[in-house]
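**Q** Next comes final_30.txt, compact mmCIF, C-alpha atoms:
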```txt
# COMPACT_ATOMS: atom_id res chain seq x y z
CA MET A 1 -80.28 -129.89 -58.24
CA PRO A 2 -79.44 -128.66 -54.76
CA ASN A 3 -76.26 -127.10 -56.11
CA SER A 4 -78.16 -125.20 -58.80
CA LEU A 5 -80.71 -123.95 -56.27
CA LEU A 6 -77.93 -122.84 -53.97
CA GLY A 7 -76.23 -121.04 -56.82
CA THR A 8 -79.46 -119.27 -57.73
CA VAL A 9 -80.03 -118.14 -54.16
CA LEU A 10 -76.44 -116.98 -53.90
CA GLY A 11 -76.73 -115.07 -57.16
CA VAL A 12 -79.96 -113.36 -56.05
CA PHE A 13 -78.33 -112.47 -52.75
CA ILE A 14 -75.33 -110.93 -54.48
CA VAL A 15 -77.60 -108.90 -56.78
CA LEU A 16 -79.60 -107.63 -53.84
CA VAL A 17 -76.45 -106.66 -51.98
CA ILE A 18 -75.06 -104.82 -54.98
CA SER A 19 -78.36 -103.08 -55.71
CA GLY A 20 -78.51 -101.85 -52.13
CA LEU A 21 -75.18 -100.01 -52.38
CA LYS A 22 -75.53 -96.24 -52.75
CA LEU A 23 -72.89 -93.62 -53.43
CA ASP A 24 -73.17 -89.89 -52.77
CA ARG A 25 -70.57 -87.24 -53.53
CA GLU A 26 -69.29 -84.75 -50.98
CA TYR A 27 -71.96 -82.17 -51.87
CA GLN A 28 -74.82 -84.70 -51.96
CA ARG A 29 -76.95 -86.26 -49.27
CA GLY A 30 -79.45 -89.12 -49.42
CA VAL A 31 -82.78 -88.95 -47.54
CA ILE A 32 -83.79 -92.54 -46.80
CA PHE A 33 -87.42 -93.66 -46.44
CA ARG A 34 -88.03 -97.15 -45.02
CA LEU A 35 -91.51 -98.41 -45.83
CA GLY A 36 -92.65 -94.82 -46.22
CA ARG A 37 -91.18 -93.57 -42.93
CA ILE A 38 -88.17 -91.29 -42.70
CA LYS A 39 -85.12 -93.36 -41.76
CA GLY A 40 -82.50 -90.61 -41.81
CA VAL A 41 -80.00 -88.80 -43.97
CA MET A 42 -77.07 -90.75 -45.37
CA GLY A 43 -73.88 -89.71 -47.13
CA PRO A 44 -71.54 -88.64 -48.38
CA GLY A 45 -69.62 -91.70 -49.52
CA LEU A 46 -70.65 -95.34 -49.95
CA TYR A 47 -73.44 -96.84 -47.84
CA TRP A 48 -75.94 -99.66 -48.08
CA THR A 49 -79.74 -99.60 -48.04
CA ILE A 50 -82.20 -102.45 -47.96
CA PRO A 51 -83.37 -103.11 -51.51
CA VAL A 52 -87.08 -102.67 -52.22
CA ILE A 53 -87.75 -101.66 -48.60
CA ASP A 54 -85.65 -98.49 -48.54
CA GLN A 55 -86.18 -95.58 -50.94
CA LYS A 56 -83.66 -92.78 -51.45
CA THR A 57 -84.13 -89.13 -52.44
CA GLN A 58 -80.91 -87.36 -53.33
CA ILE A 59 -80.39 -83.72 -52.33
CA ASP A 60 -77.72 -81.27 -53.46
CA ILE A 61 -76.56 -79.16 -50.49
CA ARG A 62 -74.45 -76.69 -52.49
CA THR A 63 -75.35 -73.00 -52.59
CA LYS A 64 -77.94 -72.39 -55.28
CA THR A 65 -78.46 -69.20 -57.27
CA VAL A 66 -81.95 -68.02 -58.16
CA ASN A 67 -82.48 -65.20 -60.64
CA ILE A 68 -85.61 -63.25 -59.69
CA GLU A 69 -87.21 -61.88 -62.84
CA PRO A 70 -88.03 -58.13 -63.11
CA GLN A 71 -91.09 -57.21 -61.09
CA GLU A 72 -93.20 -54.10 -61.59
CA THR A 73 -94.04 -52.47 -58.29
CA VAL A 74 -95.09 -49.10 -56.87
CA THR A 75 -92.90 -47.36 -54.31
CA ALA A 76 -94.15 -45.54 -51.24
CA ASP A 77 -94.10 -42.22 -53.14
CA SER A 78 -96.27 -43.64 -55.98
CA VAL A 79 -93.54 -44.22 -58.58
CA THR A 80 -93.87 -47.31 -60.77
CA ILE A 81 -90.54 -49.11 -61.20
CA LYS A 82 -89.21 -52.52 -62.18
CA VAL A 83 -86.71 -54.34 -59.99
CA ASN A 84 -84.93 -57.65 -60.28
CA ALA A 85 -82.58 -59.45 -57.93
CA VAL A 86 -80.52 -62.58 -57.37
CA LEU A 87 -80.95 -64.92 -54.40
CA TYR A 88 -78.41 -67.31 -52.86
CA TYR A 89 -79.62 -70.11 -50.59
CA ARG A 90 -78.36 -73.43 -49.22
CA ILE A 91 -80.00 -76.50 -47.69
CA LEU A 92 -78.99 -77.16 -44.10
CA ASP A 93 -81.41 -80.00 -43.29
CA PRO A 94 -82.22 -82.21 -46.32
CA SER A 95 -84.86 -84.11 -44.34
CA LYS A 96 -86.91 -80.94 -43.70
CA ALA A 97 -86.47 -79.73 -47.27
CA ILE A 98 -88.10 -82.93 -48.52
CA ASN A 99 -90.78 -83.42 -45.87
CA LYS A 100 -91.86 -79.89 -44.97
CA VAL A 101 -92.48 -78.47 -48.45
CA GLU A 102 -93.51 -80.11 -51.71
CA ASN A 103 -91.08 -78.23 -53.99
CA TYR A 104 -88.53 -76.24 -52.02
CA GLN A 105 -87.01 -74.62 -55.12
CA LEU A 106 -90.32 -73.17 -56.30
CA ALA A 107 -91.25 -72.22 -52.74
CA VAL A 108 -88.02 -70.27 -52.19
CA TYR A 109 -88.40 -68.48 -55.52
CA GLN A 110 -92.00 -67.40 -54.90
CA THR A 111 -91.22 -66.31 -51.36
CA ALA A 112 -88.31 -64.14 -52.52
CA LEU A 113 -90.43 -62.72 -55.35
CA THR A 114 -93.27 -61.53 -53.14
CA SER A 115 -90.96 -60.33 -50.36
CA LEU A 116 -88.94 -58.20 -52.77
CA ARG A 117 -92.09 -56.57 -54.14
CA ASN A 118 -93.44 -55.87 -50.64
CA VAL A 119 -90.21 -54.40 -49.28
CA VAL A 120 -89.69 -52.14 -52.31
CA GLY A 121 -93.29 -50.94 -51.98
CA GLN A 122 -92.60 -49.80 -48.41
CA ASN A 123 -89.72 -47.48 -49.42
CA ILE A 124 -89.59 -44.29 -51.44
CA LEU A 125 -87.69 -44.12 -54.71
CA ASP A 126 -84.65 -42.36 -53.22
CA ASP A 127 -84.21 -45.13 -50.64
CA VAL A 128 -84.51 -47.81 -53.31
CA LEU A 129 -81.74 -46.15 -55.33
CA GLN A 130 -79.44 -45.10 -52.50
CA ASN A 131 -80.00 -47.69 -49.75
CA ARG A 132 -79.97 -50.97 -51.64
CA ASP A 133 -78.06 -52.70 -48.86
CA LYS A 134 -80.87 -51.89 -46.44
CA ILE A 135 -83.49 -53.37 -48.78
CA ASN A 136 -81.34 -56.44 -49.49
CA THR A 137 -80.93 -57.11 -45.79
CA LYS A 138 -84.65 -56.69 -45.15
CA VAL A 139 -85.61 -59.10 -47.93
CA GLN A 140 -83.04 -61.62 -46.70
CA GLU A 141 -84.42 -61.50 -43.15
CA ILE A 142 -88.01 -61.99 -44.32
CA VAL A 143 -87.25 -64.87 -46.69
CA ASP A 144 -84.90 -66.54 -44.20
CA GLU A 145 -87.59 -66.44 -41.51
CA ILE A 146 -90.07 -68.15 -43.86
CA THR A 147 -87.66 -70.82 -45.14
CA GLU A 148 -86.11 -71.69 -41.76
CA PRO A 149 -88.73 -74.40 -40.99
CA TRP A 150 -87.86 -75.97 -44.34
CA GLY A 151 -84.22 -76.45 -43.34
CA ILE A 152 -83.06 -73.78 -45.84
CA ILE A 153 -80.85 -70.78 -45.08
CA ILE A 154 -80.79 -67.63 -47.22
CA GLU A 155 -77.17 -66.56 -47.61
CA ARG A 156 -77.58 -63.37 -49.59
CA VAL A 157 -80.02 -61.25 -51.61
CA GLU A 158 -78.77 -58.68 -54.13
CA MET A 159 -80.81 -56.24 -56.20
CA LYS A 160 -79.34 -56.15 -59.70
CA ASP A 161 -81.18 -53.40 -61.52
CA VAL A 162 -83.86 -50.77 -60.99
CA GLU A 163 -85.71 -49.60 -64.09
CA ILE A 164 -87.18 -46.08 -63.77
CA PRO A 165 -89.70 -44.46 -66.17
CA PRO A 166 -88.13 -41.98 -68.67
CA SER A 167 -90.14 -39.04 -67.30
CA MET A 168 -88.83 -39.71 -63.81
CA GLN A 169 -85.28 -39.99 -65.15
CA ARG A 170 -85.55 -36.52 -66.69
CA ALA A 171 -86.92 -35.09 -63.42
CA MET A 172 -84.09 -36.66 -61.44
CA ALA A 173 -81.54 -35.28 -63.91
CA LYS A 174 -82.96 -31.76 -63.46
CA GLU A 175 -82.87 -32.15 -59.68
CA ALA A 176 -79.25 -33.32 -59.75
CA GLU A 177 -78.30 -30.42 -62.02
CA ALA A 178 -79.97 -27.92 -59.68
CA ILE A 179 -78.18 -29.38 -56.66
CA ARG A 180 -74.81 -29.19 -58.38
CA GLU A 181 -75.45 -25.61 -59.49
CA LYS A 182 -76.39 -24.66 -55.94
CA ARG A 183 -73.20 -26.28 -54.63
CA ALA A 184 -71.10 -24.44 -57.24
CA ARG A 185 -72.63 -21.09 -56.28
CA LEU A 186 -72.02 -21.71 -52.58
CA ILE A 187 -68.40 -22.65 -53.24
CA LYS A 188 -67.91 -19.54 -55.40
CA ALA A 189 -69.48 -17.30 -52.75
CA ALA A 190 -67.28 -18.80 -50.04
CA ALA A 191 -64.20 -18.26 -52.23
CA GLU A 192 -65.13 -14.62 -52.86
CA GLN A 193 -65.66 -14.09 -49.13
CA GLU A 194 -62.23 -15.52 -48.31
CA ALA A 195 -60.67 -13.45 -51.10
CA SER A 196 -62.27 -10.26 -49.80
CA ILE A 197 -60.85 -10.93 -46.34
CA LYS A 198 -57.37 -11.45 -47.77
CA LEU A 199 -57.66 -8.30 -49.90
CA ALA A 200 -58.70 -6.28 -46.87
CA GLU A 201 -55.67 -7.55 -44.97
CA ALA A 202 -53.42 -6.78 -47.94
CA SER A 203 -54.79 -3.23 -48.23
CA GLN A 204 -53.99 -2.58 -44.59
CA LYS A 205 -50.42 -3.76 -45.14
CA ILE A 206 -50.09 -1.52 -48.19
CA VAL A 207 -51.38 1.52 -46.24
CA GLU A 208 -48.78 0.88 -43.56
CA ASN A 209 -46.02 0.57 -46.17
CA PRO A 210 -46.60 2.69 -49.32
CA ALA A 211 -43.62 1.08 -51.06
CA ALA A 212 -45.63 -2.13 -51.29
CA LEU A 213 -48.08 -0.34 -53.57
CA GLU A 214 -45.30 0.50 -55.99
CA LEU A 215 -44.16 -3.12 -55.98
CA ARG A 216 -47.71 -4.21 -56.71
CA ARG A 217 -47.87 -1.82 -59.64
CA LEU A 218 -44.65 -3.19 -61.06
CA GLN A 219 -45.98 -6.70 -60.72
CA MET A 220 -49.17 -5.68 -62.52
CA LEU A 221 -47.11 -4.20 -65.36
CA THR A 222 -45.23 -7.48 -65.66
CA GLU A 223 -48.48 -9.43 -65.88
CA ILE A 224 -49.95 -7.07 -68.48
CA GLY A 225 -46.78 -7.19 -70.56
CA ALA A 226 -46.79 -11.00 -70.55
CA GLU A 227 -50.40 -11.17 -71.79
CA ASN A 228 -50.61 -8.25 -74.26
CA ASN A 229 -47.27 -7.09 -75.61
CA THR A 230 -48.88 -4.42 -77.85
CA THR A 231 -50.43 -2.51 -74.96
CA THR A 232 -49.05 1.00 -74.34
CA LEU A 233 -48.99 2.18 -70.74
CA ILE A 234 -48.45 5.68 -69.40
CA MET A 235 -47.07 5.76 -65.88
CA MET A 236 -48.19 8.52 -63.55
CA PRO A 237 -46.71 9.07 -60.10
CA SER A 238 -49.06 8.51 -57.24
CA ASP A 239 -48.22 11.96 -55.86
CA PHE A 240 -50.12 13.53 -58.76
CA ILE A 241 -53.19 11.48 -57.89
CA SER A 242 -52.97 12.47 -54.22
CA LEU A 243 -52.52 16.15 -55.19
CA ALA A 244 -55.51 16.02 -57.55
CA LYS A 245 -57.58 14.43 -54.82
CA THR A 246 -56.60 17.18 -52.39
CA TRP A 247 -57.51 19.91 -54.88
CA THR A 248 -60.83 18.30 -55.60
CA GLU A 249 -61.72 18.16 -51.93
CA ALA A 250 -60.66 21.80 -51.48
CA LEU A 251 -62.78 22.92 -54.41
CA GLU A 252 -65.78 21.00 -53.12
CA ASN A 253 -65.42 22.51 -49.66
CA GLY A 254 -65.07 26.01 -51.16
CA SER A 255 -68.16 25.65 -53.34
CA LYS A 256 -70.19 24.37 -50.43
CA ARG A 257 -69.11 27.36 -48.29
CA ASN A 258 -70.11 29.83 -51.00
CA VAL A 259 -73.50 28.27 -51.39
CA TYR A 260 -74.06 28.41 -47.65
CA ASN A 261 -73.09 32.10 -47.44
CA SER A 262 -75.40 32.99 -50.30
CA GLN A 263 -78.35 31.25 -48.67
CA VAL A 264 -77.87 32.78 -45.20
CA GLN A 265 -78.78 36.56 -45.05
CA PRO A 266 -78.18 38.84 -42.02
CA LEU A 267 -81.21 39.77 -39.99
CA GLN A 268 -82.31 43.47 -40.29
CA PRO A 269 -83.84 45.27 -37.23
CA GLU A 270 -87.46 46.21 -37.63
CA ASN A 271 -88.39 49.94 -37.58
CA ASN A 272 -91.33 50.42 -35.25
CA PRO A 273 -93.33 53.61 -36.04
CA LYS A 274 -93.66 56.13 -33.32
CA GLU A 275 -97.05 56.57 -31.85
```
Written as structure tokens, that's how I'd like the structure from this file.

**A**
Amino acid sequence: MPNSLLGTVLGVFIVLVISGLKLDREYQRGVIFRLGRIKGVMGPGLYWTIPVIDQKTQIDIRTKTVNIEPQETVTADSVTIKVNAVLYYRILDPSKAINKVENYQLAVYQTALTSLRNVVGQNILDDVLQNRDKINTKVQEIVDEITEPWGIIIERVEMKDVEIPPSMQRAMAKEAEAIREKRARLIKAAAEQEASIKLAEASQKIVENPAALELRRLQMLTEIGAENNTTTLIMMPSDFISLAKTWTEALENGSKRNVYNSQVQPLQPENNPKE
């Protein structure tokens, strides 16, 4: 009888010892409550808790990814858009994550949701499209400040997509087209200005050396012959052009002189009658 009682007690003791053994992996931690009071955080590895008296809540401390569903919000310039994002967070203090907030996963999600909507509403549409890094950083700072007492750190916030109304997309396309057309016209005007300067310099060189003009004419003939082989050209010496110009100027000067002489009449003395 004593032997059987001893065996029963020994068996119960062995069961209690085995039931008190806990095992956590490298990315897991165990928050231990002893009679309802926080005892501490255990793990990773194998450890022992007092059966019945100690209670364990297991926490995963790996980085978690939260997909924030598309939210409809109004920007600072009164444009209705839909934005969605992805949030990365990690638990630094498992004890605070269990004791400070009822459901830390839901709390982090709702905090990120409202913060994203508020930050987007404080920026105009152009900033939302062009300065996403600025908005991501702002949302991360706000959410991290709220979740810090819960023992949770926000590692990163990334906006994935911005949905714009079709009417606004057409307006933005027209604006982009107008900007590109303006840039093209400015570039063309600058090129024409540079070309005019170079042509002016070339004309001065040609005036100083008339033989350069003949070389330019020969080059022009080569270019015309390469493009249109059926074109017939009649060459005329430049002396004829200069002579014709001289005659034209002489004729114009002569005609002007004749007109002037015909308009100007000599003054005749007046005959005063004798008294």

**Q** Please indicate the distance in Å from atom CA of Glu175 of chain A to atom CA of Lys160 of chain A, rounded to one decimal place.

**A**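 A separation of 24.3 Å between them.
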
**Q** Find the residue from A:Leu186, A:Ile68, A:Ile164, A:Leu92 that sits nearest to Thr80 of chain A; use only C-alpha atoms when measuring.

**A** A:Ile164

**Q** Give me, as a list in words, all polymer residues having an atom no more than 6 Å from segment 40-43 of chain A, counting all atoms listed in the file and skipping those fewer than 5 positions away in the same chain.

**A**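 The residues that qualify are Asp24, Arg29, Gly30, Val31 and Ile32 of chain A.
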
**Q** Which residues, written as JSON, numbers by chain, have at least one atom at most 10 Å from segment 113-118 of chain A, with only C-alpha atoms counted and residues fewer than 3 positions away on the same chain left out?

**A** {"A": [67, 68, 69, 70, 71, 72, 73, 74, 75, 82, 83, 84, 85, 87, 107, 108, 109, 110, 121, 122, 123, 135, 136, 138, 139, 140, 141, 142, 143, 157, 159]}

**Q** Please, what distance in Å, to one decimal, runs between atom CA of Gly36 of chain A and atom CA of Gln55 of chain A?

**A**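 We find that atom CA of Gly36 of chain A and atom CA of Gln55 of chain A lie 8.0 Å from each other.
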
**Q** What does the distance between atom CA of Ala178 of chain A and atom CA of Ala190 of chain A come to in Å, to one decimal place?

**A**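 Computing it gives 18.4 Å between the two atoms.
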
**Q** If you count all atoms listed in the file, which residues fall within 7 Å of segment 15-22 of chain A, apart from same-chain ones fewer than 3 positions away, as a list in words?

**A**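 Listed by chain and then number, they are Gly11, Val12, Leu46, Tyr47, Trp48, Thr49, Ile50 and Pro51 of chain A.
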
**Q** Using all atoms listed in the file, pick whichever of A:Ile146, A:Ile152, A:Ile59, A:Leu215 has the shortest atom-to-atom distance to Glu26 of chain A.

**A**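 Ranked by minimum distance to Glu26 of chain A, first place goes to A:Ile59.
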
**Q** Contacts of Phe33 of chain A at 9 Å or less, counting all atoms listed in the file, minus same-chain residues fewer than 5 places along, as a list in words?

**A** Ile38, Lys39, Gly40, Ile53, Asp54, Gln55, Lys56 and Thr57 of chain A

**Q** Kindly indicate which residue among A:Ile153, A:Val79, A:Ala176, A:Ile124 lies nearest to Ile91 of chain A, using all atoms listed in the file for the distances.

**A**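 Looking only at the distances to Ile91 of chain A, the closest residue turns out to be A:Ile153.
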